[in-house]
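Here's query.cif, which has mmCIF, N, CA and C atoms:
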data_structure
loop_
_atom_site.label_atom_id
_atom_site.label_comp_id
_atom_site.auth_asym_id
_atom_site.auth_seq_id
_atom_site.Cartn_x
_atom_site.Cartn_y
_atom_site.Cartn_z
N MET O 1 60.87 103.21 47.13
CA MET O 1 60.02 103.53 48.25
C MET O 1 59.25 102.27 48.64
N SER O 2 59.06 102.09 49.91
CA SER O 2 58.35 100.93 50.42
C SER O 2 56.84 101.19 50.47
N VAL O 3 56.08 100.14 50.30
CA VAL O 3 54.63 100.24 50.43
C VAL O 3 54.27 100.70 51.85
N LEU O 4 55.17 100.48 52.81
CA LEU O 4 54.91 100.94 54.17
C LEU O 4 54.87 102.47 54.26
N THR O 5 55.58 103.15 53.38
CA THR O 5 55.51 104.61 53.35
C THR O 5 54.10 105.06 53.02
N LEU O 6 53.50 104.42 52.04
CA LEU O 6 52.11 104.74 51.68
C LEU O 6 51.16 104.37 52.81
N ALA O 7 51.45 103.26 53.48
CA ALA O 7 50.62 102.85 54.61
C ALA O 7 50.70 103.86 55.74
N GLU O 8 51.88 104.43 55.97
CA GLU O 8 52.03 105.44 57.01
C GLU O 8 51.24 106.71 56.65
N TYR O 9 51.25 107.07 55.37
CA TYR O 9 50.42 108.19 54.94
C TYR O 9 48.96 107.90 55.25
N ASP O 10 48.49 106.71 54.87
CA ASP O 10 47.10 106.34 55.12
C ASP O 10 46.77 106.36 56.60
N LYS O 11 47.68 105.86 57.41
CA LYS O 11 47.47 105.85 58.86
C LYS O 11 47.28 107.28 59.38
N GLY O 12 48.15 108.17 58.94
CA GLY O 12 48.03 109.57 59.36
C GLY O 12 46.75 110.22 58.88
N ILE O 13 46.40 109.95 57.63
CA ILE O 13 45.17 110.52 57.06
C ILE O 13 43.96 110.04 57.84
N HIS O 14 43.91 108.76 58.13
CA HIS O 14 42.73 108.20 58.79
C HIS O 14 42.72 108.46 60.29
N ASN O 15 43.79 109.00 60.83
CA ASN O 15 43.78 109.47 62.22
C ASN O 15 43.13 110.85 62.33
N LEU O 16 43.00 111.53 61.21
CA LEU O 16 42.38 112.85 61.20
C LEU O 16 40.86 112.72 61.12
N PRO O 17 40.13 113.67 61.68
CA PRO O 17 38.68 113.68 61.50
C PRO O 17 38.35 113.81 60.01
N ASP O 18 37.22 113.24 59.59
CA ASP O 18 36.82 113.28 58.18
C ASP O 18 36.76 114.70 57.64
N ASP O 19 36.41 115.65 58.48
CA ASP O 19 36.25 117.03 58.01
C ASP O 19 37.49 117.90 58.26
N HIS O 20 38.62 117.30 58.58
CA HIS O 20 39.85 118.07 58.82
C HIS O 20 40.23 118.80 57.53
N PRO O 21 40.53 120.09 57.61
CA PRO O 21 40.79 120.86 56.40
C PRO O 21 42.02 120.41 55.60
N ASP O 22 42.99 119.78 56.24
CA ASP O 22 44.20 119.35 55.53
C ASP O 22 44.09 117.95 54.95
N ARG O 23 43.04 117.23 55.29
CA ARG O 23 42.92 115.84 54.85
C ARG O 23 43.00 115.69 53.32
N PRO O 24 42.26 116.48 52.54
CA PRO O 24 42.37 116.35 51.07
C PRO O 24 43.79 116.59 50.55
N ARG O 25 44.49 117.53 51.17
CA ARG O 25 45.87 117.83 50.74
C ARG O 25 46.79 116.64 51.01
N TYR O 26 46.63 116.01 52.17
CA TYR O 26 47.44 114.84 52.50
C TYR O 26 47.11 113.67 51.58
N MET O 27 45.84 113.50 51.25
CA MET O 27 45.45 112.43 50.34
C MET O 27 46.04 112.67 48.95
N ALA O 28 46.02 113.91 48.50
CA ALA O 28 46.59 114.24 47.20
C ALA O 28 48.10 114.01 47.19
N ALA O 29 48.77 114.34 48.29
CA ALA O 29 50.22 114.11 48.39
C ALA O 29 50.53 112.62 48.34
N ARG O 30 49.75 111.83 49.07
CA ARG O 30 49.95 110.38 49.05
C ARG O 30 49.74 109.82 47.64
N ASP O 31 48.68 110.25 46.98
CA ASP O 31 48.39 109.77 45.63
C ASP O 31 49.48 110.19 44.64
N ALA O 32 49.98 111.41 44.78
CA ALA O 32 51.05 111.89 43.89
C ALA O 32 52.33 111.09 44.11
N LEU O 33 52.61 110.77 45.36
CA LEU O 33 53.80 109.98 45.67
C LEU O 33 53.69 108.58 45.06
N ALA O 34 52.52 107.97 45.21
CA ALA O 34 52.30 106.63 44.64
C ALA O 34 52.43 106.67 43.11
N GLU O 35 51.89 107.71 42.50
CA GLU O 35 51.98 107.82 41.04
C GLU O 35 53.42 108.07 40.60
N ARG O 36 54.12 108.91 41.34
CA ARG O 36 55.50 109.24 40.97
C ARG O 36 56.38 107.99 40.98
N PHE O 37 56.22 107.16 41.99
CA PHE O 37 57.06 105.97 42.10
C PHE O 37 56.50 104.78 41.34
N GLY O 38 55.21 104.80 41.02
CA GLY O 38 54.59 103.78 40.19
C GLY O 38 55.01 102.37 40.51
N HIS O 39 55.62 101.71 39.54
CA HIS O 39 56.02 100.31 39.69
C HIS O 39 57.29 100.14 40.52
N ARG O 40 57.82 101.23 41.02
CA ARG O 40 59.04 101.15 41.84
C ARG O 40 58.74 101.07 43.33
N VAL O 41 57.46 100.96 43.68
CA VAL O 41 57.09 100.80 45.09
C VAL O 41 57.42 99.37 45.49
N LEU O 42 58.20 99.24 46.54
CA LEU O 42 58.60 97.91 47.01
C LEU O 42 57.48 97.29 47.83
N SER O 43 57.07 96.11 47.45
CA SER O 43 56.01 95.42 48.17
C SER O 43 56.61 94.54 49.26
N LEU O 44 55.74 93.93 50.02
CA LEU O 44 56.16 93.01 51.07
C LEU O 44 55.64 91.62 50.76
N GLU O 45 56.45 90.64 51.00
CA GLU O 45 56.03 89.26 50.79
C GLU O 45 55.29 88.76 52.02
N ASP O 46 54.48 87.75 51.82
CA ASP O 46 53.66 87.19 52.88
C ASP O 46 54.48 86.81 54.11
N GLU O 47 55.62 86.17 53.92
CA GLU O 47 56.44 85.75 55.05
C GLU O 47 56.96 86.95 55.85
N VAL O 48 57.28 88.03 55.16
CA VAL O 48 57.75 89.23 55.84
C VAL O 48 56.64 89.81 56.71
N VAL O 49 55.43 89.88 56.17
CA VAL O 49 54.30 90.42 56.92
C VAL O 49 53.99 89.55 58.13
N ARG O 50 54.05 88.24 57.95
CA ARG O 50 53.78 87.33 59.08
C ARG O 50 54.85 87.47 60.16
N ARG O 51 56.09 87.62 59.75
CA ARG O 51 57.17 87.80 60.72
C ARG O 51 56.97 89.11 61.48
N TRP O 52 56.60 90.17 60.77
CA TRP O 52 56.33 91.44 61.44
C TRP O 52 55.21 91.27 62.46
N GLY O 53 54.18 90.51 62.10
CA GLY O 53 53.08 90.27 63.04
C GLY O 53 53.56 89.59 64.31
N ARG O 54 54.42 88.60 64.16
CA ARG O 54 54.96 87.91 65.34
C ARG O 54 55.80 88.85 66.19
N ILE O 55 56.67 89.61 65.54
CA ILE O 55 57.56 90.51 66.27
C ILE O 55 56.76 91.62 66.95
N SER O 56 55.81 92.22 66.24
CA SER O 56 55.06 93.33 66.83
C SER O 56 54.14 92.85 67.95
N GLY O 57 53.58 91.65 67.80
CA GLY O 57 52.75 91.10 68.87
C GLY O 57 53.57 90.83 70.12
N ALA O 58 54.75 90.27 69.94
CA ALA O 58 55.63 90.00 71.08
C ALA O 58 56.08 91.31 71.73
N GLY O 59 56.35 92.32 70.92
CA GLY O 59 56.75 93.62 71.46
C GLY O 59 55.65 94.26 72.27
N LYS O 60 54.41 94.14 71.79
CA LYS O 60 53.29 94.71 72.53
C LYS O 60 53.08 93.98 73.85
N ARG O 61 53.20 92.67 73.83
CA ARG O 61 53.05 91.91 75.07
C ARG O 61 54.12 92.31 76.08
N ALA O 62 55.34 92.51 75.61
CA ALA O 62 56.46 92.83 76.50
C ALA O 62 56.38 94.26 77.05
N SER O 63 55.95 95.20 76.21
CA SER O 63 55.99 96.61 76.62
C SER O 63 54.63 97.18 76.98
N GLY O 64 53.58 96.53 76.51
CA GLY O 64 52.23 97.07 76.73
C GLY O 64 51.83 98.11 75.70
N HIS O 65 52.71 98.40 74.74
CA HIS O 65 52.43 99.40 73.72
C HIS O 65 52.59 98.78 72.33
N ALA O 66 51.70 99.17 71.44
CA ALA O 66 51.81 98.70 70.06
C ALA O 66 53.00 99.36 69.38
N PRO O 67 53.68 98.66 68.47
CA PRO O 67 54.79 99.27 67.73
C PRO O 67 54.27 100.39 66.83
N PRO O 68 55.12 101.31 66.43
CA PRO O 68 54.68 102.46 65.65
C PRO O 68 54.17 102.12 64.26
N VAL O 69 54.60 101.03 63.68
CA VAL O 69 54.14 100.67 62.33
C VAL O 69 53.16 99.53 62.44
#

Give the structure from this file in structure tokens form.
Amino acid sequence: MSVLTLAEYDKGIHNLPDDHPDRPRYMAARDALAERFGHRVLSLEDEVVRRWGRISGAGKRASGHAPPV
């Protein structure tokens, strides 16, 4: 599993209001997923993140919309 999967969970959780009734359940699911995969979570190297920044910035300039990730 990629660290981006956990980031997508966090993004969804933090898009919810703090008092949303499902927020604790989503946080628990994210934490359980991270624990289940433990050291098997694939990280990203600095160069990969920087390349993504360049690509996503160029995509936003071209389309006017931020990329989904």

> Within 12 Å of O:Val3, counting only C-alpha atoms, which residues qualify if same-chain residues fewer than 5 places away don't, as a PyMOL selection string?
Replying inline: chain O and resi 8-10+30+33-34+37-45+49+69

- prompt: Could you pull out the helix (DSSP H, G or I) residues of stretch 15-69 of chain O from DSSP and send them as an MDAnalysis selection string?
  reply: chainID O and resid 15 23:40 46:63

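The spacing separating atom CA of O:Pro68 from atom CA of O:Arg54 amounts to 14.6 Å.
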
Practice prompt. Work out how far atom C of O:Pro67 is from atom C of O:Arg25, in Å to one decimal.
Written response: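 It comes out at 23.9 Å.
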
Atom C of O:Ala7 to atom C of O:His20 measures 18.3 Å

Please enclose the listed atoms of stretch 31-34 of chain O in an axis-aligned box, pad each side by 8 Å, and write out the centre and the three edge lengths in Å, rounded to one decimal, as JSON.
{"center_x": 51.1, "center_y": 109.3, "center_z": 45.0, "size_x": 21.4, "size_y": 21.3, "size_z": 19.9}
